[in-house]
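Okay, query.pdb is below, PDB, C-alpha atoms and all ligand atoms:
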```pdb
ATOM      1  CA  MET A   1     -14.017  -9.436  -0.746
ATOM      2  CA  ARG A   2     -12.168  -6.801  -2.835
ATOM      3  CA  LYS A   3     -13.434  -3.358  -1.825
ATOM      4  CA  PRO A   4     -14.284  -1.341  -4.951
ATOM      5  CA  ILE A   5     -12.232   1.778  -5.579
ATOM      6  CA  ILE A   6     -13.222   4.743  -7.730
ATOM      7  CA  ALA A   7     -10.391   7.211  -8.302
ATOM      8  CA  GLY A   8     -10.564  10.561 -10.078
ATOM      9  CA  ASN A   9      -7.422  11.607 -11.923
ATOM     10  CA  TRP A  10      -7.753  15.356 -12.327
ATOM     11  CA  LYS A  11      -4.598  15.546 -14.511
ATOM     12  CA  LEU A  12      -3.447  19.135 -15.194
ATOM     13  CA  HIS A  13      -6.764  20.797 -14.379
ATOM     14  CA  LYS A  14      -8.107  23.086 -11.659
ATOM     15  CA  THR A  15      -6.376  25.786  -9.644
ATOM     16  CA  ILE A  16      -6.033  25.461  -5.876
ATOM     17  CA  SER A  17      -9.340  27.235  -5.221
ATOM     18  CA  GLU A  18     -11.165  25.308  -7.954
ATOM     19  CA  SER A  19      -9.767  22.048  -6.576
ATOM     20  CA  CYS A  20     -10.953  22.873  -3.061
ATOM     21  CA  GLU A  21     -14.371  23.812  -4.383
ATOM     22  CA  LEU A  22     -14.752  20.512  -6.227
ATOM     23  CA  ALA A  23     -13.464  18.576  -3.202
ATOM     24  CA  THR A  24     -15.928  20.399  -0.921
ATOM     25  CA  GLN A  25     -18.823  19.454  -3.213
ATOM     26  CA  LEU A  26     -17.697  15.827  -3.359
ATOM     27  CA  VAL A  27     -17.417  15.634   0.428
ATOM     28  CA  ALA A  28     -21.030  16.832   0.698
ATOM     29  CA  ASP A  29     -22.351  14.627  -2.132
ATOM     30  CA  LEU A  30     -20.609  11.431  -1.087
ATOM     31  CA  SER A  31     -20.933  11.617   2.706
ATOM     32  CA  ASP A  32     -23.082   8.446   2.770
ATOM     33  CA  ILE A  33     -20.570   6.297   0.859
ATOM     34  CA  ASP A  34     -18.653   3.864   3.038
ATOM     35  CA  ASP A  35     -18.517   0.652   1.022
ATOM     36  CA  ILE A  36     -16.299   2.082  -1.723
ATOM     37  CA  ASP A  37     -12.865   3.665  -1.562
ATOM     38  CA  VAL A  38     -13.204   7.095  -3.188
ATOM     39  CA  VAL A  39      -9.918   8.744  -4.161
ATOM     40  CA  ILE A  40      -9.160  12.057  -5.891
ATOM     41  CA  ALA A  41      -5.857  13.081  -7.474
ATOM     42  CA  PRO A  42      -5.481  16.877  -7.889
ATOM     43  CA  VAL A  43      -2.359  18.631  -9.203
ATOM     44  CA  PHE A  44       0.637  18.789  -6.844
ATOM     45  CA  THR A  45       0.085  22.462  -5.987
ATOM     46  CA  ALA A  46      -3.438  21.787  -4.677
ATOM     47  CA  LEU A  47      -2.660  18.673  -2.621
ATOM     48  CA  SER A  48      -2.218  20.128   0.837
ATOM     49  CA  ALA A  49      -5.159  22.526   0.498
ATOM     50  CA  VAL A  50      -7.392  19.683  -0.704
ATOM     51  CA  ALA A  51      -6.106  17.494   2.161
ATOM     52  CA  GLU A  52      -7.458  20.143   4.571
ATOM     53  CA  THR A  53     -10.795  20.149   2.733
ATOM     54  CA  LEU A  54     -11.036  16.347   2.987
ATOM     55  CA  LYS A  55     -10.341  16.219   6.749
ATOM     56  CA  GLY A  56     -13.090  14.274   8.508
ATOM     57  CA  SER A  57     -14.414  12.789   5.252
ATOM     58  CA  SER A  58     -13.720   9.303   3.928
ATOM     59  CA  ILE A  59     -12.493  10.580   0.542
ATOM     60  CA  GLN A  60      -8.803   9.856   0.157
ATOM     61  CA  LEU A  61      -6.094  11.839  -1.580
ATOM     62  CA  ALA A  62      -3.734  10.709  -4.344
ATOM     63  CA  ALA A  63      -0.810  12.292  -6.150
ATOM     64  CA  GLN A  64      -0.419  11.792  -9.896
ATOM     65  CA  ASN A  65       3.289  10.977  -9.833
ATOM     66  CA  CYS A  66       6.356  10.833  -7.588
ATOM     67  CA  PHE A  67      10.149  10.510  -7.648
ATOM     68  CA  PRO A  68      11.793   7.427  -6.133
ATOM     69  CA  GLU A  69      13.990   9.133  -3.526
ATOM     70  CA  THR A  70      13.265  10.645  -0.127
ATOM     71  CA  SER A  71      14.953  14.053  -0.450
ATOM     72  CA  GLY A  72      18.074  15.617  -1.913
ATOM     73  CA  ALA A  73      19.351  17.329  -5.043
ATOM     74  CA  PHE A  74      16.465  16.372  -7.334
ATOM     75  CA  THR A  75      15.289  19.691  -8.729
ATOM     76  CA  GLY A  76      11.633  19.769  -9.595
ATOM     77  CA  GLU A  77      10.819  16.356  -8.168
ATOM     78  CA  VAL A  78       8.500  15.330  -5.315
ATOM     79  CA  SER A  79       9.032  12.215  -3.194
ATOM     80  CA  PRO A  80       6.460   9.889  -1.622
ATOM     81  CA  ASP A  81       7.632  11.117   1.795
ATOM     82  CA  PHE A  82       6.708  14.696   0.888
ATOM     83  CA  LEU A  83       3.419  13.537  -0.622
ATOM     84  CA  GLN A  84       2.629  11.771   2.631
ATOM     85  CA  ASP A  85       3.501  14.994   4.456
ATOM     86  CA  ALA A  86       0.986  16.798   2.195
ATOM     87  CA  GLY A  87      -1.743  14.324   3.192
ATOM     88  CA  CYS A  88      -1.688  11.765   0.369
ATOM     89  CA  ASN A  89      -2.710   8.140   0.810
ATOM     90  CA  TYR A  90      -2.230   6.966  -2.791
ATOM     91  CA  VAL A  91       0.122   7.707  -5.697
ATOM     92  CA  ILE A  92      -0.649   7.054  -9.388
ATOM     93  CA  VAL A  93       2.447   5.544 -11.016
ATOM     94  CA  GLY A  94       3.227   4.879 -14.686
ATOM     95  CA  HIS A  95       0.281   6.669 -16.281
ATOM     96  CA  SER A  96       0.383   6.269 -20.073
ATOM     97  CA  GLU A  97       0.659  10.041 -20.520
ATOM     98  CA  ARG A  98       3.923   9.953 -18.561
ATOM     99  CA  ARG A  99       5.146   6.867 -20.415
ATOM    100  CA  GLN A 100       4.439   8.574 -23.759
ATOM    101  CA  LEU A 101       5.278  12.226 -23.073
ATOM    102  CA  LEU A 102       8.129  11.773 -20.588
ATOM    103  CA  ASN A 103       9.525   8.419 -21.714
ATOM    104  CA  GLU A 104       9.024   6.709 -18.369
ATOM    105  CA  THR A 105      10.344   3.160 -18.469
ATOM    106  CA  ASP A 106       9.167   0.076 -16.623
ATOM    107  CA  ALA A 107      12.448   0.055 -14.664
ATOM    108  CA  PHE A 108      11.890   3.629 -13.443
ATOM    109  CA  ILE A 109       8.261   2.830 -12.638
ATOM    110  CA  ASN A 110       9.484  -0.131 -10.599
ATOM    111  CA  GLN A 111      11.748   2.145  -8.519
ATOM    112  CA  LYS A 112       8.801   4.463  -7.879
ATOM    113  CA  LEU A 113       6.521   1.602  -6.804
ATOM    114  CA  LEU A 114       9.118   0.287  -4.380
ATOM    115  CA  LYS A 115       9.595   3.734  -2.854
ATOM    116  CA  VAL A 116       5.831   4.399  -2.623
ATOM    117  CA  ILE A 117       5.291   1.110  -0.800
ATOM    118  CA  THR A 118       8.219   1.457   1.590
ATOM    119  CA  THR A 119       6.982   4.955   2.464
ATOM    120  CA  GLY A 120       3.624   3.464   3.436
ATOM    121  CA  LEU A 121       1.540   4.848   0.582
ATOM    122  CA  LYS A 122      -0.605   2.850  -1.836
ATOM    123  CA  PRO A 123       0.398   2.794  -5.499
ATOM    124  CA  ILE A 124      -1.997   2.743  -8.440
ATOM    125  CA  LEU A 125       0.101   1.198 -11.232
ATOM    126  CA  CYS A 126      -1.224   2.029 -14.718
ATOM    127  CA  ILE A 127      -0.684  -0.345 -17.630
ATOM    128  CA  GLY A 128      -2.304  -0.601 -21.055
ATOM    129  CA  GLU A 129      -1.760  -1.041 -24.766
ATOM    130  CA  THR A 130      -2.010   1.511 -27.594
ATOM    131  CA  LEU A 131      -4.438   1.139 -30.489
ATOM    132  CA  GLN A 132      -1.639   0.019 -32.780
ATOM    133  CA  GLN A 133      -0.482  -2.612 -30.300
ATOM    134  CA  ARG A 134      -4.048  -3.927 -29.975
ATOM    135  CA  GLN A 135      -4.451  -4.040 -33.752
ATOM    136  CA  ASN A 136      -1.150  -5.919 -34.030
ATOM    137  CA  ASP A 137      -2.431  -8.463 -31.516
ATOM    138  CA  GLN A 138       0.185  -7.392 -28.966
ATOM    139  CA  MET A 139      -2.110  -6.572 -26.053
ATOM    140  CA  GLN A 140      -1.099  -9.546 -23.942
ATOM    141  CA  GLU A 141       2.599  -9.070 -24.615
ATOM    142  CA  VAL A 142       2.411  -5.359 -23.670
ATOM    143  CA  LEU A 143       0.483  -6.046 -20.467
ATOM    144  CA  ARG A 144       2.901  -8.822 -19.509
ATOM    145  CA  THR A 145       5.965  -6.630 -20.134
ATOM    146  CA  GLN A 146       4.563  -3.616 -18.287
ATOM    147  CA  LEU A 147       3.314  -5.661 -15.351
ATOM    148  CA  LYS A 148       6.461  -7.769 -14.924
ATOM    149  CA  GLY A 149       8.758  -4.803 -15.519
ATOM    150  CA  GLY A 150       6.810  -2.514 -13.215
ATOM    151  CA  LEU A 151       6.500  -4.999 -10.378
ATOM    152  CA  GLY A 152      10.126  -6.150 -10.798
ATOM    153  CA  ASN A 153      11.162  -7.954  -7.652
ATOM    154  CA  LEU A 154       8.471  -6.588  -5.344
ATOM    155  CA  SER A 155       7.731  -9.319  -2.804
ATOM    156  CA  ALA A 156       4.295 -10.833  -2.211
ATOM    157  CA  ALA A 157       4.100  -8.899   1.076
ATOM    158  CA  GLN A 158       4.856  -5.649  -0.746
ATOM    159  CA  MET A 159       1.915  -6.330  -3.088
ATOM    160  CA  ALA A 160      -0.646  -5.868  -0.289
ATOM    161  CA  PRO A 161      -1.400  -2.156  -0.960
ATOM    162  CA  MET A 162      -1.072  -2.414  -4.777
ATOM    163  CA  VAL A 163      -3.877  -1.298  -7.085
ATOM    164  CA  ILE A 164      -3.474  -1.971 -10.802
ATOM    165  CA  ALA A 165      -5.261   0.197 -13.351
ATOM    166  CA  TYR A 166      -5.833  -1.238 -16.817
ATOM    167  CA  GLU A 167      -6.023   1.812 -19.060
ATOM    168  CA  PRO A 168      -6.042   0.994 -22.788
ATOM    169  CA  VAL A 169      -4.407   4.072 -24.305
ATOM    170  CA  TRP A 170      -6.901   4.118 -27.194
ATOM    171  CA  ALA A 171      -9.759   4.619 -24.717
ATOM    172  CA  ILE A 172      -8.235   7.533 -22.785
ATOM    173  CA  GLY A 173      -9.947  10.851 -23.468
ATOM    174  CA  THR A 174     -11.333   9.532 -26.750
ATOM    175  CA  GLY A 175     -14.868   8.676 -25.694
ATOM    176  CA  LYS A 176     -14.142   5.104 -26.858
ATOM    177  CA  THR A 177     -14.605   2.841 -23.865
ATOM    178  CA  ALA A 178     -13.491  -0.743 -24.025
ATOM    179  CA  THR A 179     -16.583  -2.949 -24.159
ATOM    180  CA  ASN A 180     -17.419  -4.799 -20.966
ATOM    181  CA  ASP A 181     -16.089  -7.992 -22.531
ATOM    182  CA  GLN A 182     -12.844  -6.399 -23.765
ATOM    183  CA  ALA A 183     -12.187  -4.897 -20.325
ATOM    184  CA  GLN A 184     -13.073  -8.110 -18.494
ATOM    185  CA  GLU A 185     -10.794 -10.121 -20.789
ATOM    186  CA  ALA A 186      -7.830  -7.828 -20.083
ATOM    187  CA  HIS A 187      -8.520  -7.787 -16.343
ATOM    188  CA  ARG A 188      -8.725 -11.587 -16.248
ATOM    189  CA  PHE A 189      -5.447 -11.783 -18.143
ATOM    190  CA  ILE A 190      -3.791  -9.426 -15.618
ATOM    191  CA  ARG A 191      -5.162 -11.443 -12.695
ATOM    192  CA  ASN A 192      -3.802 -14.637 -14.228
ATOM    193  CA  LEU A 193      -0.409 -12.965 -14.617
ATOM    194  CA  LEU A 194      -0.472 -12.048 -10.910
ATOM    195  CA  GLN A 195      -1.104 -15.686 -10.141
ATOM    196  CA  GLN A 196       1.868 -16.719 -12.288
ATOM    197  CA  ILE A 197       4.197 -14.052 -10.877
ATOM    198  CA  TYR A 198       3.057 -14.443  -7.250
ATOM    199  CA  ASN A 199       0.316 -16.839  -6.162
ATOM    200  CA  SER A 200      -3.457 -17.278  -6.160
ATOM    201  CA  GLU A 201      -3.877 -15.284  -2.948
ATOM    202  CA  ILE A 202      -2.222 -12.181  -4.427
ATOM    203  CA  ALA A 203      -4.207 -12.674  -7.638
ATOM    204  CA  ALA A 204      -7.468 -12.873  -5.682
ATOM    205  CA  GLN A 205      -6.824  -9.921  -3.375
ATOM    206  CA  THR A 206      -5.298  -7.338  -5.765
ATOM    207  CA  ARG A 207      -7.732  -4.714  -6.984
ATOM    208  CA  ILE A 208      -7.657  -4.203 -10.758
ATOM    209  CA  ILE A 209      -9.507  -1.097 -11.921
ATOM    210  CA  TYR A 210     -10.436   0.086 -15.409
ATOM    211  CA  GLY A 211      -9.658   3.496 -16.900
ATOM    212  CA  GLY A 212     -10.528   5.039 -20.262
ATOM    213  CA  SER A 213     -13.628   7.157 -20.937
ATOM    214  CA  VAL A 214     -15.487   5.902 -17.865
ATOM    215  CA  LYS A 215     -18.775   7.804 -17.599
ATOM    216  CA  PRO A 216     -22.032   7.421 -15.652
ATOM    217  CA  ASP A 217     -23.441   5.688 -18.745
ATOM    218  CA  ASN A 218     -20.957   2.841 -18.823
ATOM    219  CA  VAL A 219     -19.815   2.405 -15.223
ATOM    220  CA  ALA A 220     -22.523  -0.039 -14.129
ATOM    221  CA  GLY A 221     -21.787  -2.496 -16.938
ATOM    222  CA  LEU A 222     -18.066  -2.373 -16.262
ATOM    223  CA  MET A 223     -18.539  -2.850 -12.516
ATOM    224  CA  GLN A 224     -20.635  -5.965 -13.108
ATOM    225  CA  GLN A 225     -17.617  -7.748 -14.582
ATOM    226  CA  GLU A 226     -16.071 -10.320 -12.291
ATOM    227  CA  ASP A 227     -12.509  -8.994 -12.455
ATOM    228  CA  ILE A 228     -13.216  -5.238 -12.543
ATOM    229  CA  ASP A 229     -12.875  -3.760  -9.066
ATOM    230  CA  GLY A 230     -13.293  -0.077  -9.798
ATOM    231  CA  ALA A 231     -12.407   2.758 -12.122
ATOM    232  CA  LEU A 232      -9.743   5.375 -12.732
ATOM    233  CA  VAL A 233     -11.683   8.307 -14.127
ATOM    234  CA  GLY A 234     -10.231  11.249 -16.039
ATOM    235  CA  GLY A 235     -12.542  13.796 -17.679
ATOM    236  CA  ALA A 236     -15.729  12.774 -15.873
ATOM    237  CA  SER A 237     -14.032  13.165 -12.466
ATOM    238  CA  LEU A 238     -13.891  16.947 -12.983
ATOM    239  CA  LYS A 239     -17.682  17.270 -12.809
ATOM    240  CA  VAL A 240     -19.195  16.707  -9.416
ATOM    241  CA  ALA A 241     -22.489  15.284 -10.726
ATOM    242  CA  ASP A 242     -20.777  12.817 -13.077
ATOM    243  CA  PHE A 243     -18.202  11.637 -10.556
ATOM    244  CA  SER A 244     -20.853  11.184  -7.851
ATOM    245  CA  ARG A 245     -22.934   9.077 -10.208
ATOM    246  CA  ILE A 246     -19.893   7.021 -11.186
ATOM    247  CA  VAL A 247     -19.157   6.343  -7.498
ATOM    248  CA  ARG A 248     -22.759   5.090  -7.166
ATOM    249  CA  PHE A 249     -22.559   3.101 -10.443
ATOM    250  CA  GLU A 250     -25.539   5.187 -11.575
ATOM    251  CA  LYS A 251     -26.481   6.370 -15.069
TER     252      LYS A 251
HETATM  253  P1  LIG A 301     -10.574   9.698 -19.395
HETATM  254  O1  LIG A 301     -11.548   9.166 -18.359
HETATM  255  O2  LIG A 301     -10.681  11.157 -19.606
HETATM  256  O3  LIG A 301     -10.612   8.887 -20.636
HETATM  257  O4  LIG A 301      -9.092   9.483 -18.749
HETATM  258  C1  LIG A 301      -8.743   8.241 -18.241
HETATM  259  C2  LIG A 301      -7.453   8.365 -17.522
HETATM  260  O5  LIG A 301      -6.417   8.577 -18.116
HETATM  261  C3  LIG A 301      -7.461   8.232 -16.059
HETATM  262  O6  LIG A 301      -6.180   8.118 -15.545
END
```

Same coordinates, now as structure tokens:
Amino acid sequence: MRKPIIAGNWKLHKTISESCELATQLVADLSDIDDIDVVIAPVFTALSAVAETLKGSSIQLAAQNCFPETSGAFTGEVSPDFLQDAGCNYVIVGHSERRQLLNETDAFINQKLLKVITTGLKPILCIGETLQQRQNDQMQEVLRTQLKGGLGNLSAAQMAPMVIAYEPVWAIGTGKTATNDQAQEAHRFIRNLLQQIYNSEIAAQTRIIYGGSVKPDNVAGLMQQEDIDGALVGGASLKVADFSRIVRFEK
């Protein structure tokens, strides 16, 4: 019922030509995949060139961030409208690296989500607790605050394109994946929150994906969990062989 989605977050890696080369290889390797949404998120500067490379393939393009306005005097920022113009279908919003390094707040993230949705793009909202918060037994409180604050007053109708990524900060780039049970528990908690905030239909239809050291070795176990609908992959998405295996849930 929920179509799986595997998204590669390339972060600040790969020049324009390197990005196009990786995208070209993925197009060739994944040409038989039609039952999974495959998404890649290169750096801003490579987006339109990669969009050209992806033409005619089913791989979709994401940006890693956006600014919640259309156009104007916002030096250095890029709006969802301009991302759409560059060929994007998705936008990652509220990644923990932006929350930590750039002090992004839930209120600002909410403005971005609203703008992404009204522009007709699909947001991937990232939420997740730090190691310290988990150790202090604050995981549920953090997820509740980030989810409620990020979604703000988005209506049930506006939730249709939403993807939520649970990315425990302690598992990002550390090689420490959440166990299948830990990830499933968090995903179930998020789905229950969606039911409380909206209704059971929204809870049942919203895709919740896991991020944090996803590799070919652990993807199959994660994908077997009832409430895990895909993955947001960092490091392993930069290697064509690894990402292709992840998309196939293969070791
Ligand atoms: P890693 O897969 O490198 O841990 O990164 C996860 C991530 O932050 C994806 O957005």

Residues within 12 Å of (12.4, 1.9, -5.1), counting only C-alpha atoms, listed as a ChimeraX atom specification: /A:66-70,79-80,107-119,150-154,158

Hey, can I get the axis-aligned box for ligand LIG 301 (chain A)? All listed atoms, 8 Å padding on each side, centre and edge lengths in Å to one decimal, as lines of an AutoDock Vina configuration file.
```
center_x = -8.9
center_y = 9.6
center_z = -18.1
size_x = 21.4
size_y = 19.0
size_z = 21.1
```

Written as a PDB file with C-alpha atoms, in the frame of the given file, what is the full residue list that the PyMOL selection byres (((chain A and resi 86) around 8) and not hetatm) yields on the file shown?
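Done, and the output landed in result.pdb:
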```pdb
ATOM      1  CA  LEU A  47      -2.660  18.673  -2.621  1.00  0.00           C
ATOM      2  CA  SER A  48      -2.218  20.128   0.837  1.00  0.00           C
ATOM      3  CA  ALA A  51      -6.106  17.494   2.161  1.00  0.00           C
ATOM      4  CA  PHE A  82       6.708  14.696   0.888  1.00  0.00           C
ATOM      5  CA  LEU A  83       3.419  13.537  -0.622  1.00  0.00           C
ATOM      6  CA  GLN A  84       2.629  11.771   2.631  1.00  0.00           C
ATOM      7  CA  ASP A  85       3.501  14.994   4.456  1.00  0.00           C
ATOM      8  CA  GLY A  87      -1.743  14.324   3.192  1.00  0.00           C
ATOM      9  CA  CYS A  88      -1.688  11.765   0.369  1.00  0.00           C
TER      10      CYS A  88
END
```

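Atom to atom, CA of Val78 in chain A and CA of Thr24 in chain A stand 25.3 Å apart.
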
Within 6 Å of ligand LIG 301 (chain A), counting only C-alpha atoms and all ligand atoms, residues as a ChimeraX atom specification: /A:9,171-173,211-214,232-235

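Residues near the point (-17.8, 16.4, 5.9), at a distance of 8 Å or less over all atoms listed in the file, make up A:Val27, A:Ala28, A:Ser31, A:Leu54, A:Lys55, A:Gly56, A:Ser57.
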
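With all atoms listed in the file as the atoms that count, the residue of A:Glu185, A:Glu18, A:Asp229, A:Glu77 with the shortest distance to Arg2 in chain A is A:Asp229.
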
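Take CA of Pro42 in chain A and CA of Ala23 in chain A: the distance between them is 9.4 Å.
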
For Asp81 in chain A, the nearest of the candidates A:Cys126, A:Ala231, A:Ala63, A:Ile16, counting all atoms listed in the file: A:Ala63

Within 12 Å of Glu141 in chain A using only C-alpha atoms, minus same-chain residues under 3 positions, as a PyMOL selection string: chain A and resi 127-130+133-134+136-138+144-149+186+189-190+193

Output check: residues returned by the PyMOL selection byres (((chain A and resi 29) around 12) and not hetatm), as a list in words: Leu22, Ala23, Thr24, Gln25, Leu26, Val27, Ala28, Leu30, Ser31, Asp32, Ile33, Val38, Ser57, Ser58, Ile59, Lys239, Val240, Ala241, Asp242, Phe243, Ser244, Arg245, Val247 and Arg248 of chain A

One-decimal distance in Å that lies between CA of Gly221 in chain A and CA of Glu250 in chain A: 10.1 Å

Could you pull range 124-144 of chain A out of the block above and give me N, CA, C and O atoms, as an mmCIF file, in the first residue's frame?
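Heads up, here's the output in result_24.cif:
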```
data_model
loop_
_atom_site.group_PDB
_atom_site.id
_atom_site.type_symbol
_atom_site.label_atom_id
_atom_site.label_comp_id
_atom_site.auth_asym_id
_atom_site.auth_seq_id
_atom_site.Cartn_x
_atom_site.Cartn_y
_atom_site.Cartn_z
ATOM 1 N N ILE A 124 10.712 15.810 2.371
ATOM 2 C CA ILE A 124 11.186 14.713 3.228
ATOM 3 C C ILE A 124 11.606 15.381 4.532
ATOM 4 O O ILE A 124 12.656 16.024 4.608
ATOM 5 N N LEU A 125 10.752 15.305 5.541
ATOM 6 C CA LEU A 125 11.001 15.957 6.834
ATOM 7 C C LEU A 125 11.838 15.036 7.716
ATOM 8 O O LEU A 125 11.418 13.905 8.007
ATOM 9 N N CYS A 126 13.023 15.519 8.135
ATOM 10 C CA CYS A 126 13.902 14.708 8.985
ATOM 11 C C CYS A 126 13.702 15.056 10.455
ATOM 12 O O CYS A 126 13.706 16.234 10.827
ATOM 13 N N ILE A 127 13.553 14.022 11.274
ATOM 14 C CA ILE A 127 13.485 14.204 12.724
ATOM 15 C C ILE A 127 14.344 13.117 13.379
ATOM 16 O O ILE A 127 14.604 12.081 12.762
ATOM 17 N N GLY A 128 14.759 13.359 14.612
ATOM 18 C CA GLY A 128 15.551 12.324 15.297
ATOM 19 C C GLY A 128 16.260 12.889 16.510
ATOM 20 O O GLY A 128 16.570 14.076 16.571
ATOM 21 N N GLU A 129 16.524 11.992 17.460
ATOM 22 C CA GLU A 129 17.122 12.397 18.730
ATOM 23 C C GLU A 129 18.637 12.211 18.715
ATOM 24 O O GLU A 129 19.160 11.377 17.980
ATOM 25 N N THR A 130 19.335 12.959 19.565
ATOM 26 C CA THR A 130 20.784 12.779 19.737
ATOM 27 C C THR A 130 21.023 11.609 20.707
ATOM 28 O O THR A 130 20.093 11.133 21.370
ATOM 29 N N LEU A 131 22.297 11.228 20.808
ATOM 30 C CA LEU A 131 22.653 10.144 21.730
ATOM 31 C C LEU A 131 22.299 10.530 23.169
ATOM 32 O O LEU A 131 21.727 9.755 23.923
ATOM 33 N N GLN A 132 22.629 11.775 23.513
ATOM 34 C CA GLN A 132 22.369 12.226 24.879
ATOM 35 C C GLN A 132 20.867 12.206 25.192
ATOM 36 O O GLN A 132 20.439 11.782 26.263
ATOM 37 N N GLN A 133 20.082 12.644 24.217
ATOM 38 C CA GLN A 133 18.623 12.645 24.423
ATOM 39 C C GLN A 133 18.107 11.217 24.586
ATOM 40 O O GLN A 133 17.251 10.944 25.421
ATOM 41 N N ARG A 134 18.649 10.281 23.799
ATOM 42 C CA ARG A 134 18.225 8.882 23.938
ATOM 43 C C ARG A 134 18.612 8.351 25.313
ATOM 44 O O ARG A 134 17.818 7.711 25.999
ATOM 45 N N GLN A 135 19.851 8.666 25.728
ATOM 46 C CA GLN A 135 20.315 8.166 27.030
ATOM 47 C C GLN A 135 19.504 8.765 28.180
ATOM 48 O O GLN A 135 19.327 8.148 29.217
ATOM 49 N N ASN A 136 19.018 9.983 27.978
ATOM 50 C CA ASN A 136 18.194 10.630 29.012
ATOM 51 C C ASN A 136 16.719 10.257 28.893
ATOM 52 O O ASN A 136 15.867 10.897 29.490
ATOM 53 N N ASP A 137 16.440 9.258 28.043
ATOM 54 C CA ASP A 137 15.069 8.786 27.887
ATOM 55 C C ASP A 137 14.140 9.851 27.294
ATOM 56 O O ASP A 137 12.966 9.922 27.643
ATOM 57 N N GLN A 138 14.711 10.699 26.429
ATOM 58 C CA GLN A 138 13.906 11.802 25.876
ATOM 59 C C GLN A 138 13.520 11.578 24.419
ATOM 60 O O GLN A 138 13.037 12.488 23.765
ATOM 61 N N MET A 139 13.735 10.368 23.910
ATOM 62 C CA MET A 139 13.489 10.144 22.485
ATOM 63 C C MET A 139 12.055 10.532 22.092
ATOM 64 O O MET A 139 11.837 11.269 21.135
ATOM 65 N N GLN A 140 11.102 10.039 22.852
ATOM 66 C CA GLN A 140 9.708 10.282 22.472
ATOM 67 C C GLN A 140 9.364 11.769 22.519
ATOM 68 O O GLN A 140 8.693 12.290 21.637
ATOM 69 N N GLU A 141 9.867 12.426 23.549
ATOM 70 C CA GLU A 141 9.596 13.864 23.699
ATOM 71 C C GLU A 141 10.190 14.652 22.513
ATOM 72 O O GLU A 141 9.552 15.552 21.969
ATOM 73 N N VAL A 142 11.425 14.284 22.122
ATOM 74 C CA VAL A 142 12.087 14.985 21.009
ATOM 75 C C VAL A 142 11.322 14.748 19.716
ATOM 76 O O VAL A 142 11.044 15.690 18.956
ATOM 77 N N LEU A 143 10.942 13.499 19.463
ATOM 78 C CA LEU A 143 10.218 13.198 18.222
ATOM 79 C C LEU A 143 8.876 13.922 18.198
ATOM 80 O O LEU A 143 8.469 14.463 17.163
ATOM 81 N N ARG A 144 8.209 13.960 19.342
ATOM 82 C CA ARG A 144 6.902 14.634 19.412
ATOM 83 C C ARG A 144 7.061 16.126 19.128
ATOM 84 O O ARG A 144 6.321 16.711 18.326
#
```
